[in-house]
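Structure file query_14.txt; described as compact mmCIF, C-alpha atoms.
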```
# COMPACT_ATOMS: atom_id res chain seq x y z
CA MET A 1 -15.91 -13.91 13.97
CA THR A 2 -13.13 -16.29 14.92
CA SER A 3 -12.95 -19.06 17.45
CA SER A 4 -10.49 -18.83 20.33
CA THR A 5 -7.81 -20.68 18.34
CA ASP A 6 -7.97 -18.77 15.04
CA TRP A 7 -5.01 -16.39 14.78
CA ILE A 8 -4.99 -14.22 11.65
CA THR A 9 -2.39 -12.26 9.70
CA VAL A 10 -1.95 -8.52 10.07
CA GLY A 11 -3.28 -8.13 6.54
CA ALA A 12 -6.50 -9.91 7.52
CA LEU A 13 -6.69 -7.75 10.63
CA ALA A 14 -6.40 -4.62 8.44
CA ASP A 15 -9.29 -5.87 6.31
CA GLY A 16 -11.38 -6.39 9.43
CA PHE A 17 -10.65 -2.92 10.79
CA ALA A 18 -11.24 -1.08 7.50
CA PRO A 19 -15.07 -0.92 7.18
CA HIS A 20 -16.36 2.30 8.81
CA ALA A 21 -13.12 2.72 10.82
CA PHE A 22 -13.00 5.74 13.14
CA ILE A 23 -9.62 6.87 11.78
CA LEU A 24 -8.49 10.47 12.07
CA PRO A 25 -8.03 12.35 8.77
CA ASN A 26 -4.63 12.46 7.11
CA LEU A 27 -3.75 16.15 7.48
CA ALA A 28 -2.10 18.42 4.94
CA ASP A 29 -0.92 20.81 7.66
CA LEU A 30 2.72 19.80 7.37
CA ALA A 31 2.92 20.04 3.56
CA GLY A 32 5.54 22.61 2.59
CA GLN A 33 7.21 22.58 6.00
CA THR A 34 10.71 21.41 6.85
CA PHE A 35 11.94 20.29 10.26
CA THR A 36 15.49 19.39 11.21
CA LEU A 37 15.48 16.69 13.85
CA HIS A 38 18.42 16.95 16.27
CA PHE A 39 18.66 13.56 17.98
CA ALA A 40 20.08 13.13 21.47
CA ASN A 41 22.48 10.55 20.00
CA GLY A 42 24.02 13.12 17.64
CA TRP A 43 22.08 12.43 14.45
CA GLN A 44 20.82 15.43 12.51
CA ILE A 45 18.21 14.64 9.85
CA GLU A 46 16.22 17.13 7.79
CA HIS A 47 12.60 16.12 7.07
CA ARG A 48 10.84 17.95 4.23
CA PHE A 49 7.09 17.44 3.96
CA GLU A 50 5.47 17.49 0.54
CA PRO A 51 1.73 17.01 -0.11
CA GLU A 52 2.02 13.22 -0.46
CA ARG A 53 5.63 12.33 0.37
CA LEU A 54 8.14 12.94 3.10
CA ALA A 55 11.80 13.39 2.11
CA TRP A 56 14.65 13.05 4.59
CA HIS A 57 18.36 13.83 4.40
CA ALA A 58 20.96 13.18 7.09
CA ALA A 59 23.60 15.84 7.71
CA ASP A 60 26.38 13.26 7.35
CA GLY A 61 25.02 12.20 3.95
CA HIS A 62 24.68 8.55 4.94
CA SER A 63 20.89 8.43 4.72
CA SER A 64 18.41 10.06 2.39
CA GLY A 65 15.20 9.08 0.69
CA SER A 66 11.47 9.67 0.54
CA ALA A 67 8.26 7.79 1.27
CA PRO A 68 4.49 8.31 1.43
CA TYR A 69 3.45 9.33 4.94
CA ARG A 70 0.43 9.74 7.18
CA ALA A 71 0.19 12.76 9.48
CA THR A 72 -2.51 13.19 12.11
CA SER A 73 -3.05 15.45 15.08
CA ILE A 74 -4.83 14.32 18.21
CA ARG A 75 -4.07 17.63 19.98
CA PRO A 76 -3.15 21.10 18.69
CA GLY A 77 0.57 21.55 18.12
CA LEU A 78 1.29 17.83 18.18
CA TYR A 79 1.54 15.51 15.15
CA LEU A 80 1.94 11.79 14.67
CA VAL A 81 3.84 11.15 11.42
CA ASP A 82 4.12 7.56 10.21
CA PHE A 83 5.89 6.02 7.24
CA ILE A 84 7.86 2.95 6.11
CA LYS A 85 11.54 3.41 5.30
CA HIS A 86 13.03 1.04 2.71
CA GLU A 87 16.81 1.07 2.61
CA ALA A 88 19.56 -1.44 1.81
CA GLY A 89 17.04 -4.21 1.27
CA GLN A 90 15.42 -3.73 4.68
CA SER A 91 12.21 -2.07 5.85
CA TRP A 92 11.64 -0.09 9.03
CA SER A 93 8.52 1.32 10.61
CA ILE A 94 9.15 4.98 11.48
CA SER A 95 6.74 6.90 13.70
CA LEU A 96 7.49 10.46 14.79
CA VAL A 97 5.69 12.24 17.59
CA LEU A 98 6.38 15.87 16.60
CA ASP A 99 5.76 18.20 19.52
CA VAL A 100 5.86 21.49 17.62
CA ALA A 101 4.77 23.55 20.61
CA GLY A 102 7.56 22.07 22.72
CA ALA A 103 10.11 21.99 19.85
CA SER A 104 10.83 18.33 20.58
CA PHE A 105 10.13 14.86 19.22
CA THR A 106 10.13 11.15 19.92
CA ALA A 107 10.98 8.68 17.15
CA VAL A 108 9.86 5.06 17.30
CA ILE A 109 11.82 2.78 14.95
CA GLY A 110 10.57 -0.78 14.54
CA SER A 111 11.42 -3.83 12.47
CA LEU A 112 9.90 -7.25 11.89
CA PRO A 113 11.64 -10.62 12.27
CA SER A 114 12.96 -12.55 9.31
CA PRO A 115 11.03 -15.66 8.19
CA GLN A 116 13.71 -17.77 9.87
CA GLN A 117 13.30 -15.95 13.17
CA THR A 118 9.56 -16.63 13.19
CA GLN A 119 10.31 -20.36 13.21
CA GLU A 120 12.07 -20.08 16.57
CA GLY A 121 9.73 -21.41 19.26
CA LEU A 122 8.73 -19.42 22.33
CA TYR A 123 10.07 -22.14 24.65
CA HIS A 124 13.49 -22.01 22.98
CA ARG A 125 13.56 -18.20 23.18
CA ALA A 126 12.60 -18.32 26.86
CA LEU A 127 15.33 -20.84 27.74
CA ALA A 128 17.88 -18.79 25.79
CA GLY A 129 16.99 -15.67 27.78
CA LYS A 130 15.61 -13.88 24.72
CA PRO A 131 12.48 -11.71 24.63
CA LEU A 132 9.47 -13.83 23.64
CA THR A 133 8.67 -11.39 20.85
CA SER A 134 11.03 -11.16 17.86
CA VAL A 135 9.68 -7.73 16.85
CA GLN A 136 12.33 -5.04 17.45
CA VAL A 137 11.70 -1.44 18.54
CA ASP A 138 13.86 1.52 19.57
CA PHE A 139 12.92 4.90 21.05
CA LEU A 140 14.93 8.02 20.23
CA HIS A 141 14.34 11.56 21.44
CA GLY A 142 15.47 14.97 20.30
CA SER A 143 14.67 18.60 19.56
CA LEU A 144 13.14 20.32 16.53
CA ASP A 145 15.14 22.95 14.63
CA ARG A 146 17.57 23.56 17.49
CA PRO A 147 20.68 21.74 18.74
CA TRP A 148 19.97 19.06 21.32
CA GLN A 149 20.49 19.80 24.98
CA ASP A 150 19.52 17.59 27.91
CA GLY A 151 15.98 18.34 28.97
CA HIS A 152 14.76 19.66 25.62
CA CYS A 153 12.42 16.65 25.17
CA LEU A 154 10.13 16.05 28.11
CA HIS A 155 8.62 12.85 26.69
CA ALA A 156 9.55 10.21 29.25
CA PRO A 157 8.65 6.70 30.41
CA THR A 158 5.66 6.73 32.72
CA ALA A 159 3.82 4.46 35.14
CA GLU A 160 0.63 6.54 35.04
CA LEU A 161 -1.28 3.99 32.94
CA LEU A 162 -0.50 1.04 35.20
CA GLY A 163 -3.60 -0.59 36.64
CA LEU A 164 -5.84 0.97 34.01
CA ARG A 165 -8.43 -1.11 32.19
CA ASN A 166 -9.37 0.67 28.96
CA GLN A 167 -11.80 -0.20 26.16
CA TYR A 168 -11.08 0.82 22.55
CA ARG A 169 -13.80 0.97 19.88
CA TYR A 170 -12.03 1.19 16.49
CA SER A 171 -15.15 0.83 14.37
CA PRO A 172 -18.75 -0.34 14.83
CA SER A 173 -17.48 -3.92 14.48
CA GLU A 174 -14.04 -3.87 16.23
CA VAL A 175 -13.77 -3.49 20.01
CA TYR A 176 -10.76 -4.34 22.23
CA GLU A 177 -9.81 -4.12 25.87
CA HIS A 178 -6.37 -3.36 27.33
CA ILE A 179 -5.20 -3.97 30.88
CA TYR A 180 -1.90 -2.25 31.69
CA LEU A 181 -0.27 -4.69 34.09
CA ASN A 182 3.23 -3.39 34.82
CA GLU A 183 6.14 -1.48 33.30
CA ARG A 184 6.87 -4.19 30.72
CA PHE A 185 3.62 -6.02 29.92
CA TYR A 186 -0.05 -5.50 29.15
CA ALA A 187 -2.95 -7.85 28.43
CA TRP A 188 -5.40 -7.47 25.57
CA GLN A 189 -8.53 -9.19 24.40
CA CYS A 190 -10.84 -8.72 21.42
CA LEU A 191 -14.39 -8.19 22.68
CA LYS A 192 -15.90 -7.87 19.20
CA GLY A 193 -14.54 -8.25 15.69
CA VAL A 194 -12.37 -10.46 13.49
CA GLU A 195 -10.24 -11.55 16.48
CA GLN A 196 -13.15 -12.04 18.88
CA GLY A 197 -12.21 -14.52 21.60
CA LEU A 198 -8.46 -14.02 21.18
CA CYS A 199 -6.31 -12.56 23.95
CA ASP A 200 -2.68 -12.43 25.03
CA THR A 201 -0.13 -10.69 27.22
CA ASP A 202 2.60 -8.85 25.31
CA ARG A 203 5.65 -6.63 25.75
CA CYS A 204 4.85 -2.92 25.83
CA HIS A 205 6.22 0.58 26.47
CA TYR A 206 4.62 3.71 27.90
CA TYR A 207 5.69 7.34 27.44
CA LYS A 208 4.00 10.46 28.75
CA ILE A 209 3.78 13.09 26.01
CA ALA A 210 1.61 15.70 27.78
CA GLU A 211 -0.95 15.84 30.55
CA GLN A 212 -3.35 12.90 30.09
CA LEU A 213 -1.69 12.08 26.73
CA TYR A 214 0.43 8.92 26.35
CA LEU A 215 2.40 7.09 23.69
CA PHE A 216 1.76 3.35 23.99
CA VAL A 217 3.74 0.82 21.92
CA TRP A 218 3.44 -2.96 21.94
CA GLN A 219 5.23 -5.93 20.36
CA GLU A 220 3.19 -9.08 19.79
CA LYS A 221 4.81 -12.52 19.88
CA ILE A 222 2.29 -14.90 18.26
CA VAL A 223 1.77 -12.99 15.00
CA PRO A 224 4.76 -10.59 14.58
CA THR A 225 3.15 -7.19 15.09
CA LEU A 226 4.22 -3.71 16.12
CA GLY A 227 1.42 -1.50 17.41
CA LEU A 228 1.61 2.17 18.31
CA VAL A 229 -1.05 4.58 19.55
CA LEU A 230 -1.33 7.96 21.19
CA ILE A 231 -3.93 7.70 23.96
CA ASP A 232 -5.72 10.92 24.94
CA LEU A 233 -7.59 10.30 28.19
CA GLN A 234 -8.99 13.84 28.17
CA GLN A 235 -10.74 13.52 24.81
CA HIS A 236 -11.29 9.74 25.04
CA ARG A 237 -9.59 9.18 21.69
CA SER A 238 -6.61 7.19 20.45
CA ASP A 239 -4.75 7.29 17.15
CA GLY A 240 -1.95 5.23 15.72
CA LYS A 241 -1.12 2.26 13.54
CA ILE A 242 -0.46 -1.49 13.35
CA PHE A 243 2.50 -2.86 11.38
CA GLY A 244 3.26 -6.43 10.32
CA TYR A 245 3.46 -8.88 7.46
CA ALA A 246 0.39 -8.76 5.23
CA GLY A 247 0.27 -12.53 4.71
CA THR A 248 2.04 -15.77 5.46
CA SER A 249 4.61 -15.46 2.67
CA PHE A 250 6.59 -12.54 4.26
CA ASP A 251 6.82 -10.77 0.90
CA ALA A 252 4.48 -7.85 1.65
CA LEU A 253 3.94 -5.49 4.56
CA SER A 254 0.77 -4.15 6.13
CA ASN A 255 0.89 -0.78 7.88
CA PHE A 256 -2.61 0.45 8.58
CA PRO A 257 -4.06 3.28 10.69
CA VAL A 258 -6.12 2.61 13.82
CA SER A 259 -8.05 5.24 15.74
CA SER A 260 -10.62 4.69 18.43
CA TYR A 261 -13.07 6.09 20.90
CA CYS A 262 -11.77 4.87 24.23
CA GLN A 263 -13.35 4.48 27.63
CA VAL A 264 -11.80 3.81 31.04
CA LEU A 265 -13.56 0.81 32.58
CA ASN A 266 -11.77 0.81 35.91
CA ARG A 267 -8.40 1.19 37.61
CA THR A 268 -6.76 -1.23 40.01
CA GLU A 269 -4.96 0.36 42.94
CA TYR A 270 -2.50 -1.95 44.68
CA PRO A 271 -1.71 -1.65 48.40
CA ARG A 272 1.49 0.33 48.95
CA ASP A 273 3.01 -2.41 51.10
```

Whole structure given in structure tokens:
Amino acid sequence: MTSSTDWITVGALADGFAPHAFILPNLADLAGQTFTLHFANGWQIEHRFEPERLAWHAADGHSSGSAPYRATSIRPGLYLVDFIKHEAGQSWSISLVLDVAGASFTAVIGSLPSPQQTQEGLYHRALAGKPLTSVQVDFLHGSLDRPWQDGHCLHAPTAELLGLRNQYRYSPSEVYEHIYLNERFYAWQCLKGVEQGLCDTDRCHYYKIAEQLYLFVWQEKIVPTLGLVLIDLQQHRSDGKIFGYAGTSFDALSNFPVSSYCQVLNRTEYPRD
């Protein structure tokens, strides 16, 4: 247990979440399959799934490689694929929401700040008109195994979670609460676990994937962190990951799975006027 002033690294957070975590199994369903991702921006990248590694190759030949991956499924016909891409001396968090039934996908590409960027104070960033968080994230959409056309991917920003207060139990020892405030920010607090007593309000993004199923992504500003989960309000489950520096030396990354049993506590409805 921490006091209200003890912030910890993402590596320490991973250690706290690990014992008896309610993570979904890493599936072998995709092994042996190949999908060509046709991005709305014109990219075309083949992804070949092997039992333990994912290999990718861009049609223009400018990007290719392979990496270990995690693949889970919170609903039939839909997969969350997550891996770290190392290229040209940089590392990116890549998360793919593969909607096989809808022949579409959403890609979430994130990166962490440099050690120098973490030294820039929040007050300075605010006065300079910069986002308070130095964690970067981009969202790209496209179609699976067919040329992109407008409307092929129905994953879209949503306001359906706004006003919701949701509790997430990641393990017997780790419990958090989220309050979805508006289109750009949410508040969180640790009710039980290694961050107990800590809370903050951070930048976030919401996408509707299917009925009662949402992609939620957040960027923390105190400890550089990218979080991503699929939230299934029908089955009261969430699944995703947390990505950040493992320690204080910035020489190692931590990218660990998080899954939870979630429970709606209440919803705030604001007057229409």

Have a look at A:Pro51, A:Gly16, A:Pro257, A:Gly102 and name the one nearest to His152 in chain A; count all atoms listed in the file.
-> A:Gly102

Show which residues sit within 12 Å of range 167-176 of chain A, as a PyMOL selection string. Count only C-alpha atoms, and ignore same-chain residues fewer than 6 positions away.
-> chain A and resi 1+13-24+187-200+229+231-233+236-241+257-266

Of the candidates A:Lys208, A:Arg75, A:His57, A:His86, which shows the shortest atom-to-atom distance to Val100 in chain A, using only C-alpha atoms?
->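 Among the listed residues, A:Arg75 lies closest to Val100 in chain A.
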
Skipping near chain neighbours, those fewer than 4 positions away, what residues fall within 9 Å of Ser64 in chain A using only C-alpha atoms, listed as a list in words?
->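 The residues that qualify are Ile45, Ala55, Trp56, His57 and Ala58 of chain A.
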
Next, write the just-selected residues to a file, as an mmCIF file, in the frame of the given file, keeping C-alpha atoms as the atom set.
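Here's the written file part05.cif:
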```cif
data_model
loop_
_atom_site.group_PDB
_atom_site.id
_atom_site.type_symbol
_atom_site.label_atom_id
_atom_site.label_comp_id
_atom_site.auth_asym_id
_atom_site.auth_seq_id
_atom_site.Cartn_x
_atom_site.Cartn_y
_atom_site.Cartn_z
ATOM 1 C CA ILE A 45 18.210 14.640 9.850
ATOM 2 C CA ALA A 55 11.800 13.390 2.110
ATOM 3 C CA TRP A 56 14.650 13.050 4.590
ATOM 4 C CA HIS A 57 18.360 13.830 4.400
ATOM 5 C CA ALA A 58 20.960 13.180 7.090
#
```

Length of the CA of Gln219 in chain A to CA of Leu144 in chain A vector [Å] | 27.7 Å

Quick one, how far is CA of Trp43 in chain A from CA of Lys130 in chain A?
->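 Computing the Euclidean distance for CA of Trp43 in chain A and CA of Lys130 in chain A yields 29.0 Å.
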
For the atom pair CA of Trp148 in chain A and CA of Gly65 in chain A, what is the interatomic distance in Å to one decimal place?
->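 Answer for the CA of Trp148 in chain A to CA of Gly65 in chain A separation: 23.4 Å.
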
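For the residues A:Gly42, A:Pro115, A:Gly142, A:Gly89, ranking by smallest atom-to-atom distance to Gly247 in chain A using only C-alpha atoms places A:Pro115 first.
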
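Using all atoms listed in the file, the nearest neighbour of Ser93 in chain A within the list A:Gly77, A:Gly227, A:Gly110, A:Gly244 is A:Gly110.
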
Among the residues A:Asp145, A:Asp60, A:Glu50, A:Glu87, the one that comes closest to Asp99 in chain A [using all atoms listed in the file] =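 The closest residue to Asp99 in chain A is A:Asp145.
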
Return as JSON the centre and edge lengths, in Å with one decimal, of the box along x, y and z that encloses every atom of range 179-187 of chain A in the file, padded by 4 Å per side.
```
{"center_x": 0.8, "center_y": -4.7, "center_z": 31.6, "size_x": 20.1, "size_y": 14.4, "size_z": 14.4}
```

Nearest to Tyr180 in chain A among A:Gln117, A:Asn166, A:Ser143, A:Thr133, with distances taken over all atoms listed in the file: which residue is it?
->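 For Tyr180 in chain A, the nearest of the given residues is A:Asn166.
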
Selection: 12 Å around Ala159 in chain A, all atoms listed in the file, excl. self and same-chain fewer than 3 positions, as a PyMOL selection string = chain A and resi 156+162-164+180-185+204-208+214-216

Keeping only C-alpha atoms, write the selected residues as a compact mmCIF listing (two decimals), in the frame of the given file.
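Output file selection.txt follows:
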```txt
# COMPACT_ATOMS: atom_id res chain seq x y z
CA ALA A 156 9.55 10.21 29.25
CA LEU A 162 -0.50 1.04 35.20
CA GLY A 163 -3.60 -0.59 36.64
CA LEU A 164 -5.84 0.97 34.01
CA TYR A 180 -1.90 -2.25 31.69
CA LEU A 181 -0.27 -4.69 34.09
CA ASN A 182 3.23 -3.39 34.82
CA GLU A 183 6.14 -1.48 33.30
CA ARG A 184 6.87 -4.19 30.72
CA PHE A 185 3.62 -6.02 29.92
CA CYS A 204 4.85 -2.92 25.83
CA HIS A 205 6.22 0.58 26.47
CA TYR A 206 4.62 3.71 27.90
CA TYR A 207 5.69 7.34 27.44
CA LYS A 208 4.00 10.46 28.75
CA TYR A 214 0.43 8.92 26.35
CA LEU A 215 2.40 7.09 23.69
CA PHE A 216 1.76 3.35 23.99
```

If you take all atoms listed in the file and a cut-off of 10 Å, which residues of range 97-188 of chain A touch range 250-255 of chain A, and what are their nearest atom pairs and distances in Å to one decimal, in chain and number order, as JSON lines?
```
{"residue": "A:Leu112", "atom": "CA", "partner": "A:Leu253", "partner_atom": "CA", "distance": 9.6}
{"residue": "A:Pro113", "atom": "CA", "partner": "A:Phe250", "partner_atom": "CA", "distance": 9.7}
{"residue": "A:Ser114", "atom": "CA", "partner": "A:Phe250", "partner_atom": "CA", "distance": 8.1}
{"residue": "A:Pro115", "atom": "CA", "partner": "A:Phe250", "partner_atom": "CA", "distance": 6.7}
```

Near-His155 in chain A list (8 Å; all atoms listed in the file; drop same-chain fewer than 6 positions) as a list in words =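 Listing them by chain and then by number gives Phe105, Thr106, His141, Tyr207, Lys208, Ile209 and Ala210 of chain A.
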